[in-house]
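These notes are about the structure you will find just below.
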Amino acid sequence: MTKKFSKKEEPKQEPPKQVIKTTFVKGLILTENSDEARELYNQNRYGCMLDDGKVQLSLLESLYLLDKKRLAVIDGRKKKLDFDDFFKKAQKLEPNLWVRYVVFKNMRDRGYIIKTALKFGADFRIYDRGVKPGEDHARWVVYPVHEGTSLTWYEFAAKNRVAHSTKKKLLIAVVDDEGDVSYWESRWLRP
C-alpha cells in the first residue's frame, strides 16, 4: 500500500551533500577552502583544520569519504581518481591499508569518531558516540589485525599496558578474509 501526500504532507528531503574537491599530491590529501570542507571537520571531525581554511585528511578518511560519494580526489596530474585507483595509490604508501580501512569504515559506519593514535603507540583511538576529540578523551585504543596474524604474549601485554597507562581500554579488531570485523576488548582489573 502506498500513501499519497498532499502538498502540505510531502516528506522533507534533505538536499544532497555537495561533493568536496580534494587534491592528492605527495601522500597528502587537502580539501578545497570551502564551508562544506570545514563542516566535515566541525561536525564529524574528519581531518585536521589548517590555517588557510583547508582540511588535511588522512588516507583512510579520504577513502571512506570517497566511498560515501562525499569527495572528489584529483591527483597531481589533474586526473580524477575513483575509489579503486585511489586505493591502489594509497596502498603503496601504507602496506596494511586494507585491514586498517575495514576497521575504520566499520567504526565510522557505527557512528564512532576514529582518529590516529600514533602518539599512544596504537593505530587508532575511538571516541564514544557523540563525543568529539578535544571535548573528552577517547575510550579505546585500537589495533587492527588480520585473522591470520599472530601476536605474542609480550606484544599483547605491551599493547594492554599502553592502553592502561593512557586510561583507555584496549580493543583488538580482528578482520577476516571476507572483511568482517570482530572486536576483543581487554582491560586491567583489580580483584
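Ordering of the C-alpha cells sets the chain letters (A, B, ...), residue numbers begin anew at 1 in every chain, and ligands are numbered from 1 in the order given.
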
Can you tell me which residues surround Glu32 in chain A at a distance of at most 6 Å, considering only C-alpha atoms, apart from same-chain residues fewer than 6 positions away, and format the answer as a CSV table (one decimal) with C-alpha atoms, in the first residue's frame?
chain,number,residue,atom,x,y,z
A,21,LYS,CA,37.1,18.6,-4.1
A,22,THR,CA,40.5,17.4,-2.8
A,54,LYS,CA,41.6,23.8,4.1

Residues near range 82-92 of chain A, cut-off 10 Å, only C-alpha atoms, skip fewer than 2 positions along chain, as a compact mmCIF listing (two decimals) with N, CA and C atoms, in the first residue's frame:
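The resulting file, result.txt, is shown below:
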# COMPACT_ATOMS: atom_id res chain seq x y z
N PHE A 24 45.38 15.28 -4.18
CA PHE A 24 46.21 14.22 -3.62
C PHE A 24 47.58 14.34 -4.26
N GLY A 27 51.32 12.15 -1.17
CA GLY A 27 50.78 11.48 0.00
C GLY A 27 49.88 12.32 0.86
N LEU A 59 44.63 9.22 4.68
CA LEU A 59 44.30 8.30 3.59
C LEU A 59 43.01 7.57 3.88
N LEU A 60 42.85 7.09 5.13
CA LEU A 60 41.65 6.33 5.50
C LEU A 60 40.40 7.20 5.45
N SER A 62 39.94 9.82 3.64
CA SER A 62 39.68 10.11 2.23
C SER A 62 39.04 8.92 1.52
N LEU A 63 39.55 7.73 1.78
CA LEU A 63 38.95 6.53 1.19
C LEU A 63 37.49 6.39 1.60
N TYR A 64 37.24 6.58 2.88
CA TYR A 64 35.88 6.44 3.41
C TYR A 64 34.94 7.47 2.77
N LEU A 65 35.37 8.72 2.73
CA LEU A 65 34.52 9.78 2.17
C LEU A 65 34.35 9.63 0.66
N LEU A 66 35.37 9.11 -0.01
CA LEU A 66 35.26 8.83 -1.44
C LEU A 66 34.24 7.72 -1.67
N ASP A 67 34.28 6.69 -0.83
CA ASP A 67 33.32 5.59 -0.91
C ASP A 67 31.89 6.08 -0.65
N LYS A 68 31.75 7.07 0.22
CA LYS A 68 30.43 7.64 0.54
C LYS A 68 29.99 8.73 -0.43
N LYS A 69 30.79 8.94 -1.48
CA LYS A 69 30.47 9.94 -2.53
C LYS A 69 30.46 11.37 -1.98
N LEU A 71 33.59 12.99 -1.56
CA LEU A 71 34.82 13.60 -2.06
C LEU A 71 35.02 13.33 -3.53
N ALA A 72 35.72 14.24 -4.15
CA ALA A 72 36.30 14.02 -5.48
C ALA A 72 37.80 14.18 -5.27
N VAL A 73 38.56 13.15 -5.59
CA VAL A 73 40.02 13.19 -5.39
C VAL A 73 40.69 13.40 -6.74
N ILE A 74 41.50 14.45 -6.80
CA ILE A 74 42.23 14.80 -8.02
C ILE A 74 43.72 14.64 -7.73
N ASP A 75 44.43 13.91 -8.58
CA ASP A 75 45.87 13.72 -8.35
C ASP A 75 46.66 14.90 -8.91
N LYS A 79 44.01 14.40 -12.70
CA LYS A 79 43.16 13.26 -13.06
C LYS A 79 42.28 12.92 -11.86
N LYS A 80 40.99 12.75 -12.14
CA LYS A 80 40.05 12.36 -11.08
C LYS A 80 40.22 10.86 -10.81
N GLU A 94 50.91 2.85 2.38
CA GLU A 94 50.57 2.18 3.63
C GLU A 94 50.24 0.71 3.34
N PRO A 95 51.19 -0.19 3.57
CA PRO A 95 51.00 -1.60 3.21
C PRO A 95 49.83 -2.30 3.89
N ASN A 96 49.51 -2.01 5.12
CA ASN A 96 48.42 -2.68 5.86
C ASN A 96 47.09 -1.94 5.68
N LEU A 97 46.95 -1.26 4.57
CA LEU A 97 45.80 -0.37 4.36
C LEU A 97 44.46 -1.09 4.40
N TRP A 98 44.35 -2.24 3.76
CA TRP A 98 43.05 -2.91 3.67
C TRP A 98 42.49 -3.23 5.05
N TYR A 101 41.57 -0.03 6.83
CA TYR A 101 40.38 0.60 6.25
C TYR A 101 39.10 -0.12 6.66

Task: Selection near range 159-176 of chain A, 8 Å with only C-alpha atoms, sequence-local residues under 5 positions removed, as a list in words - done: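 Everything that qualifies: Val99, Val102, Val103, Phe120, Gly121, Ala122, Ala138, Arg139, Trp140, Val141, Val142, Tyr143, Pro144, Val145, His146, Glu147, Val181, Ser182, Tyr183, Trp184, Glu185, Ser186, Arg187 and Trp188 of chain A.
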
Take the residues that were just selected and, keeping C-alpha atoms, output them as a compact mmCIF listing (two decimals), in the first residue's frame.
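Saved to again30.txt:
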# COMPACT_ATOMS: atom_id res chain seq x y z
CA VAL A 99 42.84 -4.21 7.25
CA VAL A 102 37.95 -2.21 7.05
CA VAL A 103 38.15 -1.35 10.77
CA PHE A 120 49.72 6.29 22.04
CA GLY A 121 51.57 3.54 20.18
CA ALA A 122 48.37 2.27 18.56
CA ALA A 138 38.98 8.58 23.70
CA ARG A 139 37.52 5.44 25.21
CA TRP A 140 39.62 2.86 23.35
CA VAL A 141 42.94 2.41 21.60
CA VAL A 142 42.56 0.02 18.69
CA TYR A 143 44.93 -2.39 16.97
CA PRO A 144 43.54 -3.78 13.70
CA VAL A 145 44.92 -7.21 12.75
CA HIS A 146 44.15 -9.80 10.10
CA GLU A 147 42.77 -13.06 11.49
CA VAL A 181 35.39 -7.42 12.00
CA SER A 182 35.32 -8.97 15.48
CA TYR A 183 36.31 -6.81 18.43
CA TRP A 184 38.06 -8.09 21.55
CA GLU A 185 38.30 -5.71 24.49
CA SER A 186 40.91 -6.11 27.19
CA ARG A 187 41.38 -4.10 30.36
CA TRP A 188 43.15 -4.31 33.69

- [ ] List the neighbours of Asn106 in chain A out to 10 Å using only C-alpha atoms; skip same-chain residues closer than 6 positions along the sequence, and give me the result as a ChimeraX atom specification.
- [x] /A:100,112,179-181

Open item on the list: What's the separation between CA of Lys105 in chain A and CA of Lys78 in chain A, in Å to one decimal place?
Closed with: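 Distance reported for this atom pair: 27.1 Å.
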
Open item on the list: Here is a test: counting only C-alpha atoms, which residue of A:Met107, A:Asp136, A:Lys26, A:Pro191 is nearest to Phe124 in chain A?
Closed with: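 Of the candidates, the smallest distance to Phe124 in chain A is held by A:Met107.
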
- [ ] Once DSSP has gone over the backbone, tell me which residues of chain A are in strand (DSSP E or B), as an MDAnalysis selection string.
- [x] chainID A and resid 20:25 28:31 48:49 55:57 71:75 80:81 113:116 124:127 133 136 140:146 169:175 181:186

TODO: Name all residues at most 7 Å from Leu57 in chain A (count only C-alpha atoms; drop same-chain ones fewer than 6 positions away) and give them as a list in words.
DONE: Ile29, Leu30, Tyr46, Gly47 and Cys48 of chain A

Print the selection's residues with N, CA and C atoms to a file, as a PDB file, in the first residue's frame.
ATOM      1  N   ILE A  29      46.385  14.714   1.313  1.00  0.00           N
ATOM      2  CA  ILE A  29      45.068  14.970   0.758  1.00  0.00           C
ATOM      3  C   ILE A  29      44.557  16.255   1.386  1.00  0.00           C
ATOM      4  N   LEU A  30      44.390  17.273   0.564  1.00  0.00           N
ATOM      5  CA  LEU A  30      43.921  18.572   1.040  1.00  0.00           C
ATOM      6  C   LEU A  30      42.605  18.921   0.365  1.00  0.00           C
ATOM      7  N   TYR A  46      36.451  15.007  10.718  1.00  0.00           N
ATOM      8  CA  TYR A  46      37.304  14.427   9.691  1.00  0.00           C
ATOM      9  C   TYR A  46      38.505  15.348   9.514  1.00  0.00           C
ATOM     10  N   GLY A  47      39.711  14.780   9.493  1.00  0.00           N
ATOM     11  CA  GLY A  47      40.916  15.532   9.205  1.00  0.00           C
ATOM     12  C   GLY A  47      41.319  16.499  10.291  1.00  0.00           C
ATOM     13  N   CYS A  48      42.212  17.402   9.901  1.00  0.00           N
ATOM     14  CA  CYS A  48      42.608  18.483  10.810  1.00  0.00           C
ATOM     15  C   CYS A  48      42.566  19.792  10.036  1.00  0.00           C
TER      16      CYS A  48
END
